[in-house]
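Chemist: The structure file query-v6.tsv (TSV, C-alpha atoms and all ligand atoms) is provided below.
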```tsv
chain	number	residue	atom	x	y	z
A	1	MET	CA	81.67	99.05	84.87
A	2	SER	CA	84.76	96.91	84.32
A	3	ARG	CA	86.03	99.25	81.63
A	4	VAL	CA	85.76	102.19	84.04
A	5	LEU	CA	87.87	100.31	86.59
A	6	SER	CA	90.56	99.38	84.08
A	7	THR	CA	90.71	103.00	82.92
A	8	CYS	CA	91.30	103.93	86.52
A	9	LEU	CA	94.14	101.42	86.79
A	10	LEU	CA	95.77	102.66	83.60
A	11	MET	CA	95.68	106.21	84.82
A	12	GLY	CA	96.91	105.18	88.24
A	13	THR	CA	100.01	103.46	86.95
A	14	ALA	CA	101.00	105.38	83.86
A	15	GLY	CA	99.40	108.76	84.22
A	16	THR	CA	98.21	110.58	81.14
A	17	ALA	CA	99.06	113.77	79.36
A	18	SER	CA	95.62	115.09	80.20
A	19	ALA	CA	96.02	114.53	83.97
A	20	GLN	CA	96.23	117.76	85.95
A	21	SER	CA	97.86	118.24	89.33
A	22	ILE	CA	95.67	119.27	92.24
A	23	GLU	CA	97.31	121.68	94.67
A	24	ILE	CA	98.37	120.18	98.00
A	25	GLU	CA	99.98	122.56	100.48
A	26	ASN	CA	103.47	121.46	101.52
A	27	ALA	CA	103.06	118.26	99.49
A	28	GLY	CA	106.77	117.44	99.74
A	29	PHE	CA	107.18	118.60	103.38
A	30	GLU	CA	109.74	121.21	102.29
A	31	ALA	CA	107.97	124.27	103.78
A	32	VAL	CA	110.28	124.29	106.81
A	33	VAL	CA	114.04	124.35	106.16
A	34	PHE	CA	115.83	121.80	108.32
A	35	ASP	CA	119.50	120.95	108.72
A	36	ASP	CA	120.41	117.37	107.93
A	37	ASP	CA	118.98	115.07	110.66
A	38	GLU	CA	116.87	117.87	112.16
A	39	PHE	CA	113.16	117.31	112.86
A	40	LEU	CA	110.25	119.20	114.39
A	41	ASN	CA	106.90	118.01	115.76
A	42	GLY	CA	103.82	118.95	113.76
A	43	ILE	CA	102.21	120.48	116.84
A	44	ASP	CA	105.24	122.83	116.97
A	45	GLY	CA	104.95	123.76	113.28
A	46	GLY	CA	107.04	121.00	111.70
A	47	SER	CA	104.58	120.22	108.89
A	48	PRO	CA	102.60	123.31	107.79
A	49	GLY	CA	99.41	122.55	105.87
A	50	TRP	CA	98.92	119.19	107.59
A	51	GLU	CA	96.95	118.33	110.70
A	52	GLY	CA	97.55	115.31	112.87
A	53	VAL	CA	95.42	112.73	114.64
A	54	GLY	CA	96.97	110.94	117.58
A	55	GLY	CA	99.87	113.33	118.01
A	56	ASP	CA	98.54	114.83	121.24
A	57	GLY	CA	99.90	112.06	123.47
A	58	ASP	CA	103.29	112.21	125.17
A	59	PRO	CA	105.57	113.22	122.26
A	60	LYS	CA	108.11	110.69	123.49
A	61	TRP	CA	105.78	107.89	122.37
A	62	ILE	CA	103.58	109.26	119.60
A	63	GLY	CA	103.81	112.12	117.13
A	64	TRP	CA	104.25	113.37	113.61
A	65	GLY	CA	106.08	116.20	111.89
A	66	GLY	CA	108.78	117.15	109.40
A	67	TRP	CA	112.31	115.76	109.21
A	68	ASN	CA	115.41	116.03	107.05
A	69	PRO	CA	116.59	112.40	107.20
A	70	PRO	CA	120.33	111.74	107.16
A	71	ALA	CA	122.02	109.12	104.97
A	72	ASP	CA	122.30	106.92	108.09
A	73	ALA	CA	118.51	106.52	108.07
A	74	TYR	CA	118.06	106.46	104.28
A	75	PRO	CA	121.21	105.95	102.17
A	76	SER	CA	119.47	107.78	99.28
A	77	GLU	CA	117.95	110.34	101.71
A	78	ALA	CA	114.55	111.88	100.90
A	79	PRO	CA	112.99	110.68	97.62
A	80	ARG	CA	112.25	114.30	96.67
A	81	GLY	CA	113.72	117.49	98.11
A	82	GLN	CA	115.33	117.33	101.56
A	83	ASN	CA	112.48	116.56	103.93
A	84	VAL	CA	109.88	113.90	104.64
A	85	ALA	CA	106.94	113.55	107.02
A	86	TRP	CA	107.49	111.24	109.99
A	87	LEU	CA	104.70	109.41	111.85
A	88	TYR	CA	105.80	107.71	115.03
A	89	VAL	CA	104.06	105.44	117.57
A	90	ASP	CA	105.80	103.38	120.21
A	91	PRO	CA	103.34	100.48	120.73
A	92	GLY	CA	104.98	99.65	124.05
A	93	PHE	CA	103.43	102.82	125.46
A	94	ILE	CA	100.58	103.90	123.12
A	95	LYS	CA	98.02	101.75	121.28
A	96	GLY	CA	96.54	102.94	118.03
A	97	GLU	CA	97.26	104.75	114.82
A	98	VAL	CA	98.78	108.13	114.14
A	99	ALA	CA	97.74	110.01	111.00
A	100	ILE	CA	98.17	113.27	109.16
A	101	PHE	CA	95.55	114.74	106.87
A	102	GLN	CA	94.87	117.76	104.71
A	103	GLU	CA	91.55	119.04	103.37
A	104	LEU	CA	92.20	120.35	99.88
A	105	LYS	CA	90.61	123.37	98.23
A	106	ALA	CA	89.59	121.10	95.34
A	107	THR	CA	86.22	119.37	95.41
A	108	VAL	CA	85.05	116.21	93.65
A	109	ARG	CA	84.00	116.70	90.03
A	110	ALA	CA	81.47	114.30	88.56
A	111	GLY	CA	82.98	112.05	85.90
A	112	ALA	CA	86.57	112.76	86.95
A	113	THR	CA	89.24	110.23	87.91
A	114	TYR	CA	91.60	110.99	90.80
A	115	THR	CA	94.96	109.33	91.40
A	116	LEU	CA	96.77	109.75	94.72
A	117	THR	CA	100.47	108.84	94.71
A	118	VAL	CA	102.68	108.80	97.82
A	119	ALA	CA	106.23	107.66	98.61
A	120	ILE	CA	106.24	105.34	101.66
A	121	GLY	CA	109.43	105.20	103.73
A	122	ASN	CA	110.88	102.67	106.16
A	123	PRO	CA	113.72	104.33	108.12
A	124	MET	CA	116.72	102.35	109.40
A	125	GLU	CA	117.85	102.31	112.99
A	126	TYR	CA	120.72	104.78	113.41
A	127	PHE	CA	122.61	106.90	115.91
A	128	SER	CA	121.75	110.59	115.58
A	129	GLU	CA	124.86	112.73	115.92
A	130	ARG	CA	122.66	115.80	116.13
A	131	TYR	CA	120.56	114.60	119.05
A	132	GLN	CA	123.16	112.19	120.50
A	133	GLU	CA	120.53	109.47	120.65
A	134	GLN	CA	119.93	106.04	119.13
A	135	PHE	CA	116.73	105.98	117.06
A	136	PHE	CA	115.33	102.43	117.18
A	137	PHE	CA	113.74	102.35	113.74
A	138	GLU	CA	114.22	98.65	112.98
A	139	GLY	CA	111.06	96.98	111.60
A	140	PHE	CA	108.08	98.53	109.87
A	141	PRO	CA	104.72	99.10	111.61
A	142	GLY	CA	102.54	99.30	108.47
A	143	TYR	CA	100.82	102.15	106.66
A	144	ARG	CA	97.61	103.17	104.91
A	145	ILE	CA	96.92	105.99	102.46
A	146	GLU	CA	93.39	107.28	101.99
A	147	LEU	CA	91.51	109.67	99.73
A	148	LEU	CA	88.25	110.97	101.18
A	149	ALA	CA	85.31	112.86	99.73
A	150	GLY	CA	83.91	114.69	102.71
A	151	ASP	CA	83.64	112.08	105.50
A	152	THR	CA	83.73	109.05	103.18
A	153	ILE	CA	86.86	107.10	102.25
A	154	VAL	CA	86.59	106.69	98.47
A	155	ALA	CA	90.02	105.09	97.86
A	156	SER	CA	92.57	103.53	100.17
A	157	GLU	CA	95.52	101.20	100.15
A	158	GLN	CA	97.06	99.41	103.11
A	159	ASN	CA	100.45	97.70	103.12
A	160	ALA	CA	100.49	96.82	99.40
A	161	ARG	CA	104.15	97.91	99.45
A	162	SER	CA	106.74	96.80	101.96
A	163	PRO	CA	109.78	99.04	101.54
A	164	ALA	CA	113.05	97.51	102.74
A	165	GLU	CA	114.86	99.16	105.66
A	166	GLY	CA	116.29	102.48	104.56
A	167	THR	CA	114.21	102.83	101.39
A	168	PHE	CA	111.07	104.43	100.00
A	169	GLU	CA	108.54	102.86	97.62
A	170	ARG	CA	105.78	104.65	95.76
A	171	THR	CA	102.18	103.54	95.85
A	172	SER	CA	98.98	104.93	94.40
A	173	VAL	CA	95.23	104.64	94.65
A	174	CYS	CA	92.53	105.74	92.28
A	175	PHE	CA	88.97	107.04	92.58
A	176	ALA	CA	86.69	107.36	89.57
A	177	ALA	CA	83.73	109.61	90.34
A	178	GLN	CA	80.71	108.52	88.34
A	179	ASP	CA	78.85	111.01	86.16
A	180	ASP	CA	76.04	111.03	88.74
A	181	SER	CA	78.36	110.80	91.75
A	182	ALA	CA	76.80	111.69	95.08
A	183	PHE	CA	80.29	112.90	96.10
A	184	ALA	CA	80.34	115.75	93.55
A	185	GLY	CA	81.10	119.06	95.25
A	186	LEU	CA	82.45	117.52	98.45
A	187	PRO	CA	85.97	118.47	99.55
A	188	LEU	CA	88.83	116.09	98.84
A	189	ILE	CA	90.92	115.04	101.83
A	190	VAL	CA	94.25	113.19	101.79
A	191	ARG	CA	95.09	111.10	104.88
A	192	LEU	CA	98.33	109.23	105.58
A	193	VAL	CA	98.47	106.71	108.43
A	194	ASN	CA	101.02	104.81	110.49
A	195	THR	CA	98.83	101.82	111.40
A	196	SER	CA	101.12	100.65	114.23
A	197	GLU	CA	100.40	96.95	113.65
A	198	GLY	CA	103.71	95.26	113.02
A	199	PRO	CA	107.07	95.43	114.75
A	200	GLY	CA	108.54	98.88	114.36
A	201	ILE	CA	107.57	102.41	115.29
A	202	GLU	CA	108.01	104.82	112.40
A	203	VAL	CA	106.65	105.27	108.88
A	204	ASP	CA	107.69	108.24	106.73
A	205	PHE	CA	105.92	109.79	103.73
A	206	ASP	CA	107.03	112.11	100.94
A	207	ASP	CA	106.07	113.53	97.55
A	208	VAL	CA	102.28	113.42	97.90
A	209	GLN	CA	100.65	113.95	94.51
A	210	LEU	CA	97.02	114.03	93.47
A	211	THR	CA	96.07	114.25	89.81
A	212	VAL	CA	92.70	114.48	88.14
A	213	SER	CA	91.66	113.38	84.66
A	214	GLN	CA	88.29	114.30	83.31
A	215	ALA	CA	86.83	111.22	81.73
A	216	CYS	CA	86.78	111.52	77.96
A	217	ARG	CA	84.12	109.30	76.40
A	218	ALA	CA	86.00	109.01	73.10
A	219	ASP	CA	89.14	107.68	74.86
A	220	MET	CA	87.79	104.13	74.73
A	221	ASP	CA	90.98	102.41	75.92
A	222	GLY	CA	91.71	105.07	78.52
A	223	ASP	CA	95.29	105.73	77.44
A	224	GLY	CA	94.87	109.49	77.47
A	225	ASP	CA	94.55	110.16	73.76
A	226	VAL	CA	91.91	109.64	71.11
A	227	ASP	CA	93.23	107.79	68.08
A	228	ALA	CA	92.46	104.91	65.70
A	229	ASP	CA	92.70	102.35	68.53
A	230	ASP	CA	89.73	104.00	70.20
A	231	PHE	CA	87.82	104.05	66.93
A	232	PHE	CA	88.27	100.29	66.39
A	233	ILE	CA	87.11	99.57	69.94
A	234	TYR	CA	84.07	101.70	69.24
A	235	LEU	CA	83.42	99.83	65.97
A	236	ASP	CA	83.73	96.54	67.80
A	237	GLU	CA	81.20	97.59	70.46
A	238	PHE	CA	78.93	99.01	67.76
A	239	ALA	CA	79.03	95.70	65.88
A	240	GLN	CA	78.11	93.75	69.01
A	241	GLY	CA	74.97	95.80	69.54
A	242	CYS	CA	73.20	95.95	72.87
A	243	ASP	CA	71.40	92.65	73.42
A	301	CA	CA	110.36	115.98	100.33
A	302	CA	CA	119.15	114.69	104.53
A	303	CA	CA	112.46	100.58	109.94
```
Please express what this file holds, its structure, as structure tokens.

Modeler:
Amino acid sequence: MSRVLSTCLLMGTAGTASAQSIEIENAGFEAVVFDDDEFLNGIDGGSPGWEGVGGDGDPKWIGWGGWNPPADAYPSEAPRGQNVAWLYVDPGFIKGEVAIFQELKATVRAGATYTLTVAIGNPMEYFSERYQEQFFFEGFPGYRIELLAGDTIVASEQNARSPAEGTFERTSVCFAAQDDSAFAGLPLIVRLVNTSEGPGIEVDFDDVQLTVSQACRADMDGDGDVDADDFFIYLDEFAQGCD
């Protein structure tokens, strides 16, 4: 069991040549072309491919969508492409989380390892020339990323990263489906959450990636290839026997 987990960690951090990308619609939030500093609510079509939870309150206080952040909010702008997803809750008016999710066409394969990687963004307070409005983005409310198989959360990560104001940080989680996994055949779902716990109102996300690696029994050290290192590990285990 422990070797399976460490394989998962290796794949989660380094990736392997054998890892394949799983299609996510609008994974980089580039499907809508925005001018710099322009945004659009998801309920108005700002983030095709994604659905929201919690965005049906007064859009002044809660919502989600697509945005082309200006350098005033992120000096390095979006980590990939032009746009990001924004998830916004003003806790002075609305209690609770806001989330976006997407059910993928891919389903869980027994014996496969899945790695979900997302860039987490903490926008800076700035004055929007476009909208002639101050956006009070100081602080960071907290985030969670989740991978689900059907209705079950099989991997999640909450606030392991704390990006500084005006920056993104990448994080990843990993799910290793066992050979006899009860999740096999169930749809994979990616969910990204603004948990609205700490001071601050907005979390942004970008560059959502999900990869899959089929477990290879001969890859004993889980580094993505089969070579002499794996053979010596095998010899070692063989020599130890099973009692
Ligand atoms: Ca992007
Ligand atoms: Ca921009
Ligand atoms: Ca902030």

Chemist: Go ahead and compute the interatomic distance for CA of Glu103 in chain A and CA of Ser162 in chain A, in Å to one decimal.

Modeler: 27.0 Å

Chemist: Would you tabulate, counting only C-alpha atoms and all ligand atoms, all residues of chain A that have an atom at most 9 Å from an atom of ligand CA 301 (chain A), showing the closest pair of atoms and their distance in Å to one decimal, sorted by chain then ascending number, as a Markdown table?

Modeler:
```
| residue | atom | partner | partner_atom | distance |
| --- | --- | --- | --- | --- |
| A:Asn26 | CA | A:CA301 | CA | 8.9 |
| A:Ala27 | CA | A:CA301 | CA | 7.7 |
| A:Gly28 | CA | A:CA301 | CA | 3.9 |
| A:Phe29 | CA | A:CA301 | CA | 5.1 |
| A:Glu30 | CA | A:CA301 | CA | 5.6 |
| A:Asn68 | CA | A:CA301 | CA | 8.4 |
| A:Ala78 | CA | A:CA301 | CA | 5.9 |
| A:Pro79 | CA | A:CA301 | CA | 6.5 |
| A:Arg80 | CA | A:CA301 | CA | 4.4 |
| A:Gly81 | CA | A:CA301 | CA | 4.3 |
| A:Gln82 | CA | A:CA301 | CA | 5.3 |
| A:Asn83 | CA | A:CA301 | CA | 4.2 |
| A:Val84 | CA | A:CA301 | CA | 4.8 |
| A:Ala85 | CA | A:CA301 | CA | 7.9 |
| A:Phe205 | CA | A:CA301 | CA | 8.3 |
| A:Asp206 | CA | A:CA301 | CA | 5.1 |
| A:Asp207 | CA | A:CA301 | CA | 5.7 |
| A:Val208 | CA | A:CA301 | CA | 8.8 |
```

Chemist: Once you count all atoms listed in the file, which residues end up within 7 Å of ligand CA 303 (chain A), and could you hand them over as JSON, numbers by chain?

Modeler: {"A": [122, 123, 124, 125, 137, 138, 139, 140, 165, 166, 200, 202]}

Chemist: I'd like to know which of A:Phe232, A:Ala155, A:Asp204, A:Asp225 is closest to Gly65 in chain A, using all atoms listed in the file.

Modeler: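 Using all atoms listed in the file, the shortest distance to Gly65 in chain A belongs to A:Asp204.
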
Chemist: Neighbours of ligand CA 302 (chain A) within 10 Å, counting all atoms listed in the file, as a PDB file with C-alpha atoms, in the frame of the given file?

Modeler:
```pdb
ATOM      1  CA  PHE A  34     115.830 121.800 108.320  1.00  0.00           C
ATOM      2  CA  ASP A  35     119.500 120.950 108.720  1.00  0.00           C
ATOM      3  CA  ASP A  36     120.410 117.370 107.930  1.00  0.00           C
ATOM      4  CA  ASP A  37     118.980 115.070 110.660  1.00  0.00           C
ATOM      5  CA  GLU A  38     116.870 117.870 112.160  1.00  0.00           C
ATOM      6  CA  TRP A  67     112.310 115.760 109.210  1.00  0.00           C
ATOM      7  CA  ASN A  68     115.410 116.030 107.050  1.00  0.00           C
ATOM      8  CA  PRO A  69     116.590 112.400 107.200  1.00  0.00           C
ATOM      9  CA  PRO A  70     120.330 111.740 107.160  1.00  0.00           C
ATOM     10  CA  ALA A  71     122.020 109.120 104.970  1.00  0.00           C
ATOM     11  CA  ASP A  72     122.300 106.920 108.090  1.00  0.00           C
ATOM     12  CA  ALA A  73     118.510 106.520 108.070  1.00  0.00           C
ATOM     13  CA  TYR A  74     118.060 106.460 104.280  1.00  0.00           C
ATOM     14  CA  PRO A  75     121.210 105.950 102.170  1.00  0.00           C
ATOM     15  CA  SER A  76     119.470 107.780  99.280  1.00  0.00           C
ATOM     16  CA  GLU A  77     117.950 110.340 101.710  1.00  0.00           C
ATOM     17  CA  ALA A  78     114.550 111.880 100.900  1.00  0.00           C
ATOM     18  CA  GLY A  81     113.720 117.490  98.110  1.00  0.00           C
ATOM     19  CA  GLN A  82     115.330 117.330 101.560  1.00  0.00           C
ATOM     20  CA  ASN A  83     112.480 116.560 103.930  1.00  0.00           C
ATOM     21  CA  VAL A  84     109.880 113.900 104.640  1.00  0.00           C
TER      22      VAL A  84
END
```

Chemist: Using all atoms listed in the file, find the one residue out of A:Thr117, A:Ser156, A:Asn194, A:Ser128 that sits nearest to Gln209 in chain A.

Modeler: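 Looking at the shortest contact to Gln209 in chain A, the residue is A:Thr117.
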
Chemist: Under the rule that only C-alpha atoms are counted, which of A:Ala177, A:Ile22, A:Leu87, A:Val118 is the nearest residue to Phe39 in chain A?

Modeler: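 When distances to Phe39 in chain A are compared using only C-alpha atoms, the smallest one comes from A:Leu87.
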
Chemist: Quick one: residues within 7 Å of Gln214 in chain A, all atoms listed in the file, excluding same-chain residues fewer than 5 positions away - as a ChimeraX atom specification?

Modeler: /A:111-113

Chemist: Calculated over all atoms listed in the file, which of the candidates A:Phe175, A:Phe93, A:Tyr143, A:Phe101 has the smallest distance to Pro163 in chain A?

Modeler: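 Looking at the shortest contact to Pro163 in chain A, the residue is A:Tyr143.
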
Chemist: Would you compute the distance between CA of Glu23 in chain A and CA of Leu186 in chain A? Give it in Å to one decimal.

Modeler: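 Rounded to one decimal, the two atoms are 15.9 Å apart.
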
Chemist: State, in Å with one decimal place, the distance from CA of Thr167 in chain A to CA of Gly121 in chain A.

Modeler: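 Calculated distance between CA of Thr167 in chain A and CA of Gly121 in chain A is 5.8 Å.
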
Chemist: Given all atoms listed in the file as the basis, pick out the residue of A:Gly66, A:Pro141, A:Pro59, A:Gly49 nearest to Glu97 in chain A.

Modeler: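 Using all atoms listed in the file, Glu97 in chain A sits closest to A:Pro141.
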
Chemist: Identify the residues within 8 Å of coordinate (96.6, 111.7, 91.0) (same frame as the file), considering all atoms listed in the file, and give the answer as a VMD selection string.

Modeler: chain A and resid 12 15 19 to 22 114 to 117 172 174 209 to 212

Chemist: Looking at only C-alpha atoms, which of A:Val203, A:Ala149, A:Tyr234, A:Ile43 is the one that sits closest to Lys105 in chain A?

Modeler: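 Checking each of A:Val203, A:Ala149, A:Tyr234, A:Ile43 against Lys105 in chain A, counting only C-alpha atoms, the winner is A:Ala149.
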